[in-house]
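Novice: As input, take structure_20.json (JSON, C-alpha atoms):
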[["chain", "number", "residue", "atom", "x", "y", "z"],
["J", 1137, "MET", "CA", -18.68, -38.95, -35.63],
["J", 1138, "PRO", "CA", -16.42, -36.67, -33.54],
["J", 1139, "ASP", "CA", -17.52, -35.70, -30.04],
["J", 1140, "SER", "CA", -16.63, -32.03, -30.45],
["J", 1141, "ALA", "CA", -15.40, -29.31, -32.78],
["J", 1142, "SER", "CA", -12.66, -27.21, -31.29],
["J", 1143, "GLN", "CA", -9.85, -24.78, -31.89],
["J", 1144, "ARG", "CA", -6.82, -25.35, -29.73],
["J", 1145, "ILE", "CA", -3.34, -23.90, -29.41],
["J", 1146, "LEU", "CA", -0.60, -25.57, -27.35],
["J", 1147, "THR", "CA", 2.55, -23.71, -26.33],
["J", 1148, "THR", "CA", 6.03, -24.53, -25.06],
["J", 1149, "PRO", "CA", 7.36, -21.51, -23.14],
["J", 1150, "SER", "CA", 11.01, -20.76, -22.62],
["J", 1151, "ALA", "CA", 12.79, -21.45, -19.32],
["J", 1152, "TYR", "CA", 12.84, -17.71, -18.62],
["J", 1153, "THR", "CA", 9.09, -17.43, -19.17],
["J", 1154, "ARG", "CA", 8.42, -20.42, -16.91],
["J", 1155, "SER", "CA", 10.49, -18.85, -14.13],
["J", 1156, "HIS", "CA", 9.22, -15.27, -14.35],
["J", 1157, "TYR", "CA", 5.77, -15.10, -15.95],
["J", 1158, "LEU", "CA", 2.33, -16.56, -15.95],
["J", 1159, "TYR", "CA", 2.13, -18.42, -19.24],
["J", 1160, "VAL", "CA", -0.42, -20.15, -21.44],
["J", 1161, "GLN", "CA", -0.20, -23.93, -21.74],
["J", 1162, "GLU", "CA", -3.27, -24.40, -23.93],
["J", 1163, "ALA", "CA", -6.09, -22.13, -25.05],
["J", 1164, "GLY", "CA", -9.07, -22.60, -27.26],
["J", 1165, "THR", "CA", -12.77, -23.02, -27.90],
["J", 1166, "LEU", "CA", -14.96, -26.10, -27.89],
["J", 1167, "LYS", "CA", -18.36, -26.91, -29.34],
["J", 1168, "SER", "CA", -19.67, -30.22, -28.00],
["J", 1169, "LEU", "CA", -21.42, -32.42, -30.57],
["J", 1170, "ASN", "CA", -21.91, -35.57, -28.50],
["J", 1171, "PRO", "CA", -21.75, -35.85, -24.70],
["J", 1172, "HIS", "CA", -18.45, -37.28, -23.50],
["J", 1173, "ILE", "CA", -16.58, -37.08, -20.21],
["J", 1174, "SER", "CA", -13.13, -35.49, -20.01],
["J", 1175, "ARG", "CA", -11.20, -36.41, -16.85],
["J", 1176, "ARG", "CA", -7.96, -34.96, -15.45],
["J", 1177, "GLU", "CA", -5.94, -35.06, -12.23],
["J", 1178, "HIS", "CA", -2.39, -34.39, -11.05],
["J", 1179, "LEU", "CA", -2.01, -31.83, -13.82],
["J", 1180, "GLU", "CA", 0.27, -28.91, -12.93],
["J", 1181, "SER", "CA", -2.00, -26.26, -14.32],
["J", 1182, "CYS", "CA", -4.78, -23.81, -13.54],
["J", 1183, "LEU", "CA", -7.86, -23.95, -15.73],
["J", 1184, "PHE", "CA", -10.37, -21.24, -16.44],
["J", 1185, "PHE", "CA", -13.30, -21.88, -18.74],
["J", 1186, "MET", "CA", -16.64, -20.26, -19.39],
["J", 1187, "VAL", "CA", -19.84, -21.65, -20.82],
["J", 1188, "THR", "CA", -20.93, -19.47, -23.74],
["J", 1189, "GLU", "CA", -23.84, -21.68, -24.84],
["J", 1190, "GLY", "CA", -25.71, -24.74, -23.61],
["J", 1191, "SER", "CA", -25.21, -26.59, -20.35],
["J", 1192, "GLY", "CA", -23.24, -29.37, -18.71],
["J", 1193, "THR", "CA", -21.63, -30.57, -15.50],
["J", 1194, "VAL", "CA", -18.21, -30.18, -13.95],
["J", 1195, "THR", "CA", -17.26, -32.52, -11.09],
["J", 1196, "ILE", "CA", -14.43, -31.41, -8.80],
["J", 1197, "GLN", "CA", -13.22, -33.79, -6.10],
["J", 1198, "ASN", "CA", -16.43, -35.79, -6.49],
["J", 1199, "VAL", "CA", -18.64, -32.70, -6.09],
["J", 1200, "PRO", "CA", -20.85, -32.08, -9.17],
["J", 1201, "TYR", "CA", -21.74, -28.55, -10.31],
["J", 1202, "CYS", "CA", -24.42, -27.96, -12.94],
["J", 1203, "LEU", "CA", -23.35, -25.29, -15.42],
["J", 1204, "ASN", "CA", -25.33, -23.14, -17.82],
["J", 1205, "ALA", "CA", -24.46, -20.41, -20.30],
["J", 1206, "GLY", "CA", -22.88, -17.53, -18.37],
["J", 1207, "ASP", "CA", -21.18, -19.70, -15.72],
["J", 1208, "CYS", "CA", -17.41, -19.75, -15.18],
["J", 1209, "VAL", "CA", -15.04, -22.29, -13.64],
["J", 1210, "PHE", "CA", -11.64, -21.65, -12.04],
["J", 1211, "LEU", "CA", -9.76, -24.63, -10.63],
["J", 1212, "ASP", "CA", -6.43, -26.18, -9.77],
["J", 1213, "CYS", "CA", -5.99, -29.15, -12.08],
["J", 1214, "ARG", "CA", -3.94, -31.11, -9.59],
["J", 1215, "THR", "CA", -7.22, -32.00, -7.93],
["J", 1216, "PRO", "CA", -9.36, -34.63, -9.72],
["J", 1217, "TYR", "CA", -11.98, -33.13, -11.99],
["J", 1218, "SER", "CA", -14.12, -34.01, -14.99],
["J", 1219, "HIS", "CA", -16.60, -32.22, -17.20],
["J", 1220, "GLU", "CA", -19.37, -33.32, -19.54],
["J", 1221, "SER", "CA", -21.76, -31.50, -21.84],
["J", 1222, "SER", "CA", -25.46, -32.16, -21.49],
["J", 1223, "ARG", "CA", -27.14, -34.23, -24.22],
["J", 1224, "GLU", "CA", -30.19, -31.95, -24.46],
["J", 1225, "SER", "CA", -28.27, -28.68, -24.83],
["J", 1226, "PRO", "CA", -24.64, -29.31, -25.85],
["J", 1227, "TRP", "CA", -22.36, -26.60, -24.59],
["J", 1228, "SER", "CA", -19.81, -24.29, -26.15],
["J", 1229, "LEU", "CA", -16.77, -23.29, -24.09],
["J", 1230, "MET", "CA", -13.87, -20.86, -24.18],
["J", 1231, "TRP", "CA", -10.92, -21.90, -22.01],
["J", 1232, "VAL", "CA", -7.28, -21.49, -21.08],
["J", 1233, "HIS", "CA", -4.86, -23.71, -19.16],
["J", 1234, "PHE", "CA", -2.08, -21.67, -17.61],
["J", 1235, "HIS", "CA", 0.66, -21.88, -15.04],
["J", 1236, "GLY", "CA", 3.74, -19.98, -13.88],
["J", 1237, "SER", "CA", 5.75, -18.90, -10.88],
["J", 1238, "GLN", "CA", 2.81, -16.97, -9.34],
["J", 1239, "ALA", "CA", -0.08, -19.24, -10.29],
["J", 1240, "ASP", "CA", -0.10, -21.37, -7.14],
["J", 1241, "ALA", "CA", 0.05, -18.31, -4.88],
["J", 1242, "PHE", "CA", -2.89, -16.71, -6.68],
["J", 1243, "TYR", "CA", -4.97, -19.86, -6.37],
["J", 1244, "ARG", "CA", -4.12, -20.28, -2.66],
["J", 1245, "LEU", "CA", -5.27, -16.72, -2.08],
["J", 1246, "TYR", "CA", -8.46, -17.48, -3.98],
["J", 1247, "LEU", "CA", -9.15, -20.45, -1.71],
["J", 1248, "GLU", "CA", -8.23, -18.51, 1.44],
["J", 1249, "ARG", "CA", -10.86, -15.96, 0.52],
["J", 1250, "GLU", "CA", -13.34, -18.82, 0.18],
["J", 1251, "GLY", "CA", -13.51, -18.64, -3.59],
["J", 1252, "SER", "CA", -15.80, -21.16, -5.27],
["J", 1253, "PRO", "CA", -14.60, -23.13, -8.30],
["J", 1254, "VAL", "CA", -17.85, -22.10, -10.03],
["J", 1255, "PHE", "CA", -19.19, -18.56, -10.20],
["J", 1256, "THR", "CA", -21.49, -16.48, -12.39],
["J", 1257, "PRO", "CA", -20.25, -13.02, -13.39],
["J", 1258, "ALA", "CA", -22.52, -10.18, -14.43],
["J", 1259, "SER", "CA", -21.07, -10.39, -17.94],
["J", 1260, "LEU", "CA", -18.84, -12.74, -19.93],
["J", 1261, "ALA", "CA", -17.61, -9.89, -22.14],
["J", 1262, "PRO", "CA", -14.39, -9.13, -20.18],
["J", 1263, "TYR", "CA", -13.45, -12.82, -20.19],
["J", 1264, "ARG", "CA", -14.24, -13.21, -23.87],
["J", 1265, "ASP", "CA", -11.98, -10.25, -24.70],
["J", 1266, "ILE", "CA", -9.10, -11.61, -22.57],
["J", 1267, "LEU", "CA", -9.33, -15.13, -23.94],
["J", 1268, "ARG", "CA", -9.46, -13.91, -27.52],
["J", 1269, "ALA", "CA", -6.40, -11.74, -26.93],
["J", 1270, "LEU", "CA", -4.53, -14.68, -25.38],
["J", 1271, "PHE", "CA", -5.45, -16.95, -28.29],
["J", 1272, "GLU", "CA", -4.23, -14.40, -30.84],
["J", 1273, "LEU", "CA", -0.98, -13.82, -28.94],
["J", 1274, "GLN", "CA", -0.11, -17.50, -29.02],
["J", 1275, "GLN", "CA", -0.43, -17.36, -32.81],
["J", 1276, "SER", "CA", 1.79, -14.30, -33.22],
["J", 1277, "CYS", "CA", 4.76, -15.43, -31.09],
["J", 1278, "ASP", "CA", 6.74, -12.20, -31.38],
["J", 1279, "ALA", "CA", 9.27, -10.78, -28.91],
["J", 1280, "LEU", "CA", 6.58, -9.37, -26.60],
["J", 1281, "SER", "CA", 4.09, -12.26, -26.73],
["J", 1282, "ASP", "CA", 5.15, -13.85, -23.43],
["J", 1283, "LEU", "CA", 5.11, -10.56, -21.56],
["J", 1284, "LEU", "CA", 1.72, -9.60, -22.97],
["J", 1285, "SER", "CA", 0.34, -13.06, -22.21],
["J", 1286, "HIS", "CA", 1.46, -12.57, -18.60],
["J", 1287, "ARG", "CA", -0.37, -9.24, -18.55],
["J", 1288, "TYR", "CA", -3.61, -10.74, -19.90],
["J", 1289, "LEU", "CA", -3.45, -13.69, -17.51],
["J", 1290, "THR", "CA", -3.01, -11.25, -14.63],
["J", 1291, "ASP", "CA", -6.04, -9.34, -15.94],
["J", 1292, "LEU", "CA", -7.94, -12.63, -16.08],
["J", 1293, "ILE", "CA", -7.14, -13.46, -12.46],
["J", 1294, "ALA", "CA", -8.06, -9.93, -11.34],
["J", 1295, "GLN", "CA", -11.39, -10.22, -13.18],
["J", 1296, "ILE", "CA", -12.05, -13.61, -11.57],
["J", 1297, "PHE", "CA", -11.44, -12.14, -8.11],
["J", 1298, "LEU", "CA", -13.67, -9.14, -8.83],
["J", 1299, "ASP", "CA", -16.56, -11.29, -10.00],
["J", 1300, "ALA", "CA", -16.16, -14.23, -7.62],
["J", 1301, "PHE", "CA", -16.10, -11.88, -4.63],
["J", 1302, "GLN", "CA", -18.55, -9.30, -5.91],
["J", 1303, "GLY", "CA", -20.60, -9.83, -2.75],
["J", 1304, "SER", "CA", -17.63, -9.05, -0.50],
["J", 1305, "GLY", "CA", -16.73, -5.66, -1.89],
["J", 1306, "ALA", "CA", -16.56, -2.42, 0.09],
["J", 1307, "ALA", "CA", -20.34, -2.04, 0.19],
["J", 1308, "ALA", "CA", -20.74, -5.50, 1.73],
["J", 1309, "ILE", "CA", -18.22, -5.08, 4.57],
["J", 1310, "PRO", "CA", -20.16, -5.04, 7.87],
["J", 1311, "ASP", "CA", -20.05, -1.82, 9.87],
["J", 1312, "LYS", "CA", -18.36, -3.62, 12.77],
["J", 1313, "PHE", "CA", -15.39, -4.56, 10.62],
["J", 1314, "ARG", "CA", -15.18, -1.08, 9.16],
["J", 1315, "CYS", "CA", -15.01, 0.21, 12.74],
["J", 1316, "ILE", "CA", -12.29, -2.29, 13.65],
["J", 1317, "ARG", "CA", -10.15, -1.17, 10.74],
["J", 1318, "GLU", "CA", -10.72, 2.49, 11.57],
["J", 1319, "TYR", "CA", -9.73, 1.71, 15.16],
["J", 1320, "LEU", "CA", -6.44, 0.19, 13.97],
["J", 1321, "GLU", "CA", -5.79, 3.24, 11.80],
["J", 1322, "GLU", "CA", -6.37, 5.59, 14.73],
["J", 1323, "HIS", "CA", -4.62, 3.57, 17.46],
["J", 1324, "TYR", "CA", -1.78, 1.88, 15.53],
["J", 1325, "ALA", "CA", 0.82, 3.50, 17.82],
["J", 1326, "GLU", "CA", -0.69, 1.83, 20.89],
["J", 1327, "ARG", "CA", -0.27, -1.73, 22.11],
["J", 1328, "ILE", "CA", -3.20, -3.63, 20.60],
["J", 1329, "SER", "CA", -3.99, -7.25, 21.39],
["J", 1330, "LEU", "CA", -6.48, -9.65, 19.89],
["J", 1331, "ASP", "CA", -8.12, -10.04, 23.31],
["J", 1332, "GLN", "CA", -8.57, -6.30, 23.52],
["J", 1333, "LEU", "CA", -10.17, -6.06, 20.07],
["J", 1334, "SER", "CA", -12.42, -9.00, 20.85],
["J", 1335, "GLU", "CA", -13.66, -7.38, 24.06],
["J", 1336, "THR", "CA", -13.95, -3.88, 22.61],
["J", 1337, "PHE", "CA", -16.05, -4.95, 19.64],
["J", 1338, "TYR", "CA", -17.93, -7.86, 21.27],
["J", 1339, "ILE", "CA", -16.77, -10.49, 18.83],
["J", 1340, "SER", "CA", -15.08, -13.86, 19.27],
["J", 1341, "LYS", "CA", -11.37, -14.01, 18.47],
["J", 1342, "TYR", "CA", -11.84, -16.85, 16.00],
["J", 1343, "HIS", "CA", -14.58, -15.02, 14.09],
["J", 1344, "LEU", "CA", -12.58, -11.79, 14.17],
["J", 1345, "LEU", "CA", -9.45, -13.40, 12.71],
["J", 1346, "ARG", "CA", -11.30, -15.30, 10.01],
["J", 1347, "GLU", "CA", -13.63, -12.54, 8.86],
["J", 1348, "TYR", "CA", -11.02, -9.77, 8.96],
["J", 1349, "ARG", "CA", -8.86, -11.74, 6.53],
["J", 1350, "ARG", "CA", -11.87, -12.49, 4.39],
["J", 1351, "TYR", "CA", -12.94, -8.85, 4.08],
["J", 1352, "PHE", "CA", -9.54, -7.17, 3.87],
["J", 1353, "GLY", "CA", -7.28, -9.85, 2.41],
["J", 1354, "THR", "CA", -4.75, -9.71, 5.25],
["J", 1355, "THR", "CA", -4.44, -10.63, 8.92],
["J", 1356, "ILE", "CA", -4.93, -8.09, 11.71],
["J", 1357, "ARG", "CA", -1.31, -8.48, 12.73],
["J", 1358, "ASN", "CA", 0.02, -7.91, 9.22],
["J", 1359, "ASP", "CA", -2.33, -4.98, 8.65],
["J", 1360, "LEU", "CA", -1.24, -3.33, 11.88],
["J", 1361, "THR", "CA", 2.46, -3.89, 11.13],
["J", 1362, "SER", "CA", 2.00, -2.47, 7.63],
["J", 1363, "ARG", "CA", 0.41, 0.68, 9.03],
["J", 1364, "ARG", "CA", 3.22, 1.13, 11.54],
["J", 1365, "LEU", "CA", 5.91, 0.65, 8.91],
["J", 1366, "THR", "CA", 4.23, 3.06, 6.51],
["J", 1367, "LYS", "CA", 4.15, 5.75, 9.18],
["J", 1368, "ALA", "CA", 7.75, 4.98, 10.12],
["J", 1369, "LYS", "CA", 8.90, 5.36, 6.50],
["J", 1370, "SER", "CA", 7.23, 8.75, 6.32],
["J", 1371, "LEU", "CA", 9.01, 9.91, 9.48],
["J", 1372, "LEU", "CA", 12.35, 8.56, 8.27],
["J", 1373, "ARG", "CA", 12.04, 10.55, 5.07],
["J", 1374, "PHE", "CA", 10.43, 13.76, 6.25],
["J", 1375, "SER", "CA", 11.60, 14.26, 9.83],
["J", 1376, "ARG", "CA", 14.85, 14.32, 11.75],
["J", 1377, "GLU", "CA", 13.60, 12.10, 14.54],
["J", 1378, "SER", "CA", 15.93, 9.35, 15.71],
["J", 1379, "VAL", "CA", 15.27, 5.72, 14.91],
["J", 1380, "GLU", "CA", 14.51, 5.09, 18.58],
["J", 1381, "SER", "CA", 11.96, 7.90, 18.69],
["J", 1382, "ILE", "CA", 10.31, 6.78, 15.46],
["J", 1383, "ALA", "CA", 10.08, 3.19, 16.68],
["J", 1384, "LEU", "CA", 8.23, 4.19, 19.86],
["J", 1385, "SER", "CA", 5.95, 6.71, 18.15],
["J", 1386, "CYS", "CA", 4.87, 4.10, 15.60],
["J", 1387, "GLY", "CA", 3.94, 1.40, 18.09],
["J", 1388, "PHE", "CA", 7.10, -0.72, 18.22],
["J", 1389, "GLN", "CA", 8.07, -1.58, 21.77],
["J", 1390, "THR", "CA", 11.83, -1.43, 21.18],
["J", 1391, "SER", "CA", 14.08, 0.03, 18.50],
["J", 1392, "SER", "CA", 15.80, -3.32, 18.01],
["J", 1393, "TYR", "CA", 12.49, -5.00, 17.20],
["J", 1394, "PHE", "CA", 11.59, -2.12, 14.89],
["J", 1395, "ILE", "CA", 14.88, -2.50, 13.02],
["J", 1396, "LYS", "CA", 14.33, -6.25, 12.68],
["J", 1397, "VAL", "CA", 10.79, -5.88, 11.32],
["J", 1398, "PHE", "CA", 11.77, -3.01, 9.04],
["J", 1399, "LYS", "CA", 14.68, -4.89, 7.50],
["J", 1400, "ARG", "CA", 12.55, -7.99, 6.98],
["J", 1401, "SER", "CA", 10.01, -5.86, 5.11],
["J", 1402, "GLU", "CA", 12.27, -3.53, 3.12],
["J", 1403, "ASN", "CA", 15.56, -5.43, 2.98],
["J", 1404, "LEU", "CA", 17.13, -2.26, 4.39],
["J", 1405, "THR", "CA", 17.73, -0.96, 7.89],
["J", 1406, "PRO", "CA", 15.83, 2.21, 8.81],
["J", 1407, "LEU", "CA", 19.00, 4.30, 8.47],
["J", 1408, "GLU", "CA", 19.81, 2.75, 5.10],
["J", 1409, "TYR", "CA", 16.27, 3.53, 3.98],
["J", 1410, "ARG", "CA", 16.64, 7.15, 5.15],
["J", 1411, "ARG", "CA", 19.90, 7.57, 3.24],
["J", 1412, "LYS", "CA", 18.62, 5.99, 0.02],
["J", 1413, "TRP", "CA", 15.29, 7.83, -0.06]]
For this file, write the structure as structure tokens.

Specialist:
Amino acid sequence: MPDSASQRILTTPSAYTRSHYLYVQEAGTLKSLNPHISRREHLESCLFFMVTEGSGTVTIQNVPYCLNAGDCVFLDCRTPYSHESSRESPWSLMWVHFHGSQADAFYRLYLEREGSPVFTPASLAPYRDILRALFELQQSCDALSDLLSHRYLTDLIAQIFLDAFQGSGAAAIPDKFRCIREYLEEHYAERISLDQLSETFYISKYHLLREYRRYFGTTIRNDLTSRRLTKAKSLLRFSRESVESIALSCGFQTSSYFIKVFKRSENLTPLEYRRKW
């Protein structure tokens, strides 16, 4: 007797798709009939699956997670993992293996924001719609299939982030960190140090660095530089101020450093940016 009934589609993307898009490797559904363990490791792939019925266990790097209908799993398959349906209530799954040029970066960001491999969204409906669309696209294989698959995989990742971090949205950001960000917005043109922020807001530097990145998805230094560059671009476009004047008014200590940072960000010097825009 077979262990499961499943629908599965495997794909072989083109070299262009591998280099430029997120792409489906496998997608499908599974209805477990008899409990059996599936094990993987060292697989260059990201896996998302959701439990639509029943229950089971996924073990990731020797850590077991009990899953029930409504739970989702998002993991990097290069790490050892296994999953097994329960005997009492065999599960049904929908799943997709995917990879691509941006997949590793997305997953690193997920981990940096302390994402858990297992989470429970408010609803499975958005995931069900995305997975169905991906499955159908792999069957059609027309000229736009790869591009549309990339779009749906990006939607999938965005939905994962929204649901996995639903407790760290705008409403959950502590007032202190809101105040710190408002302070940076108001004082971006001044010299701001981590020591100063730590003393001003009565918070340890380590906690400040870690939690700021967690709540806002960027470091304090990068956020401050981004604000300064945004203001500088506005002045370059809509004023006649010199590069030197703009650099100082936006919080850069010297024009040479401003030019270096600007070019690294925009791949243009400030004057080239002014001429082009």

Novice: I'd like the contact shell of Val1254 of chain J - 8 Å cut-off, all atoms listed in the file, skipping same-chain residues fewer than 5 positions apart - returned as a list in words.

Specialist: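 After dropping sequence-adjacent residues, the list is Tyr1201, Asp1207, Cys1208, Val1209 and Phe1210 of chain J.
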
Novice: Of the candidates J:Leu1166, J:Cys1386, J:Leu1158, J:Leu1183, which shows the shortest atom-to-atom distance to Glu1322 of chain J, using all atoms listed in the file?

Specialist: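 Between J:Leu1166, J:Cys1386, J:Leu1158, J:Leu1183, the residue approaching Glu1322 of chain J most closely is J:Cys1386.
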
Novice: Please identify all polymer residues within 7 Å of Gly1206 of chain J, counting all atoms listed in the file, omitting same-chain residues fewer than 4 positions from it, and present them as a ChimeraX atom specification.

Specialist: /J:1186-1188,1256,1260

Novice: Which neighbours of segment 1292-1298 of chain J fall inside 8 Å, counting only C-alpha atoms, when residues of the same chain fewer than 4 positions from it are skipped, and could you give them as a JSON list (two decimals) with C-alpha atoms, keeping the file's coordinate frame?

Specialist:
[["chain", "number", "residue", "atom", "x", "y", "z"],
["J", 1242, "PHE", "CA", -2.89, -16.71, -6.68],
["J", 1246, "TYR", "CA", -8.46, -17.48, -3.98],
["J", 1262, "PRO", "CA", -14.39, -9.13, -20.18],
["J", 1263, "TYR", "CA", -13.45, -12.82, -20.19],
["J", 1266, "ILE", "CA", -9.10, -11.61, -22.57],
["J", 1288, "TYR", "CA", -3.61, -10.74, -19.90],
["J", 1302, "GLN", "CA", -18.55, -9.30, -5.91]]

Novice: Separation of atom CA of Arg1317 of chain J and atom CA of Asp1359 of chain J, in Å?

Specialist: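 Interatomic distance here is 8.9 Å.
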
Novice: Can you save segment 1307-1321 of chain J of the given block to a file, including N, CA and C atoms and formatted as a PDB file, in the first residue's frame?

Specialist:
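Saved to decode_10.pdb:
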ATOM      1  N   ALA J1307       2.225  48.642  14.977  1.00  0.00           N
ATOM      2  CA  ALA J1307       1.548  48.798  16.261  1.00  0.00           C
ATOM      3  C   ALA J1307       2.357  48.216  17.409  1.00  0.00           C
ATOM      4  N   ALA J1308       3.290  47.295  17.092  1.00  0.00           N
ATOM      5  CA  ALA J1308       4.028  46.617  18.151  1.00  0.00           C
ATOM      6  C   ALA J1308       5.382  47.262  18.420  1.00  0.00           C
ATOM      7  N   ILE J1309       5.763  48.272  17.663  1.00  0.00           N
ATOM      8  CA  ILE J1309       7.051  48.929  17.877  1.00  0.00           C
ATOM      9  C   ILE J1309       6.987  49.751  19.166  1.00  0.00           C
ATOM     10  N   PRO J1310       7.882  49.500  20.116  1.00  0.00           N
ATOM     11  CA  PRO J1310       7.852  50.257  21.378  1.00  0.00           C
ATOM     12  C   PRO J1310       8.017  51.752  21.144  1.00  0.00           C
ATOM     13  N   ASP J1311       7.409  52.530  22.031  1.00  0.00           N
ATOM     14  CA  ASP J1311       7.465  53.989  21.907  1.00  0.00           C
ATOM     15  C   ASP J1311       8.903  54.496  21.886  1.00  0.00           C
ATOM     16  N   LYS J1312       9.768  53.848  22.667  1.00  0.00           N
ATOM     17  CA  LYS J1312      11.163  54.312  22.715  1.00  0.00           C
ATOM     18  C   LYS J1312      11.806  54.243  21.339  1.00  0.00           C
ATOM     19  N   PHE J1313      11.539  53.172  20.608  1.00  0.00           N
ATOM     20  CA  PHE J1313      12.157  53.028  19.291  1.00  0.00           C
ATOM     21  C   PHE J1313      11.500  53.940  18.263  1.00  0.00           C
ATOM     22  N   ARG J1314      10.226  54.221  18.439  1.00  0.00           N
ATOM     23  CA  ARG J1314       9.598  55.235  17.594  1.00  0.00           C
ATOM     24  C   ARG J1314      10.285  56.592  17.807  1.00  0.00           C
ATOM     25  N   CYS J1315      10.559  56.896  19.071  1.00  0.00           N
ATOM     26  CA  CYS J1315      11.198  58.176  19.399  1.00  0.00           C
ATOM     27  C   CYS J1315      12.614  58.247  18.835  1.00  0.00           C
ATOM     28  N   ILE J1316      13.326  57.130  18.880  1.00  0.00           N
ATOM     29  CA  ILE J1316      14.690  57.110  18.335  1.00  0.00           C
ATOM     30  C   ILE J1316      14.655  57.383  16.839  1.00  0.00           C
ATOM     31  N   ARG J1317      13.711  56.767  16.148  1.00  0.00           N
ATOM     32  CA  ARG J1317      13.643  56.987  14.698  1.00  0.00           C
ATOM     33  C   ARG J1317      13.220  58.423  14.380  1.00  0.00           C
ATOM     34  N   GLU J1318      12.306  58.964  15.151  1.00  0.00           N
ATOM     35  CA  GLU J1318      11.911  60.356  14.959  1.00  0.00           C
ATOM     36  C   GLU J1318      13.084  61.296  15.239  1.00  0.00           C
ATOM     37  N   TYR J1319      13.893  60.945  16.226  1.00  0.00           N
ATOM     38  CA  TYR J1319      15.084  61.740  16.535  1.00  0.00           C
ATOM     39  C   TYR J1319      16.044  61.756  15.351  1.00  0.00           C
ATOM     40  N   LEU J1320      16.254  60.591  14.732  1.00  0.00           N
ATOM     41  CA  LEU J1320      17.137  60.524  13.567  1.00  0.00           C
ATOM     42  C   LEU J1320      16.582  61.350  12.414  1.00  0.00           C
ATOM     43  N   GLU J1321      15.276  61.326  12.250  1.00  0.00           N
ATOM     44  CA  GLU J1321      14.645  62.099  11.173  1.00  0.00           C
ATOM     45  C   GLU J1321      14.830  63.597  11.403  1.00  0.00           C
TER      46      GLU J1321
END
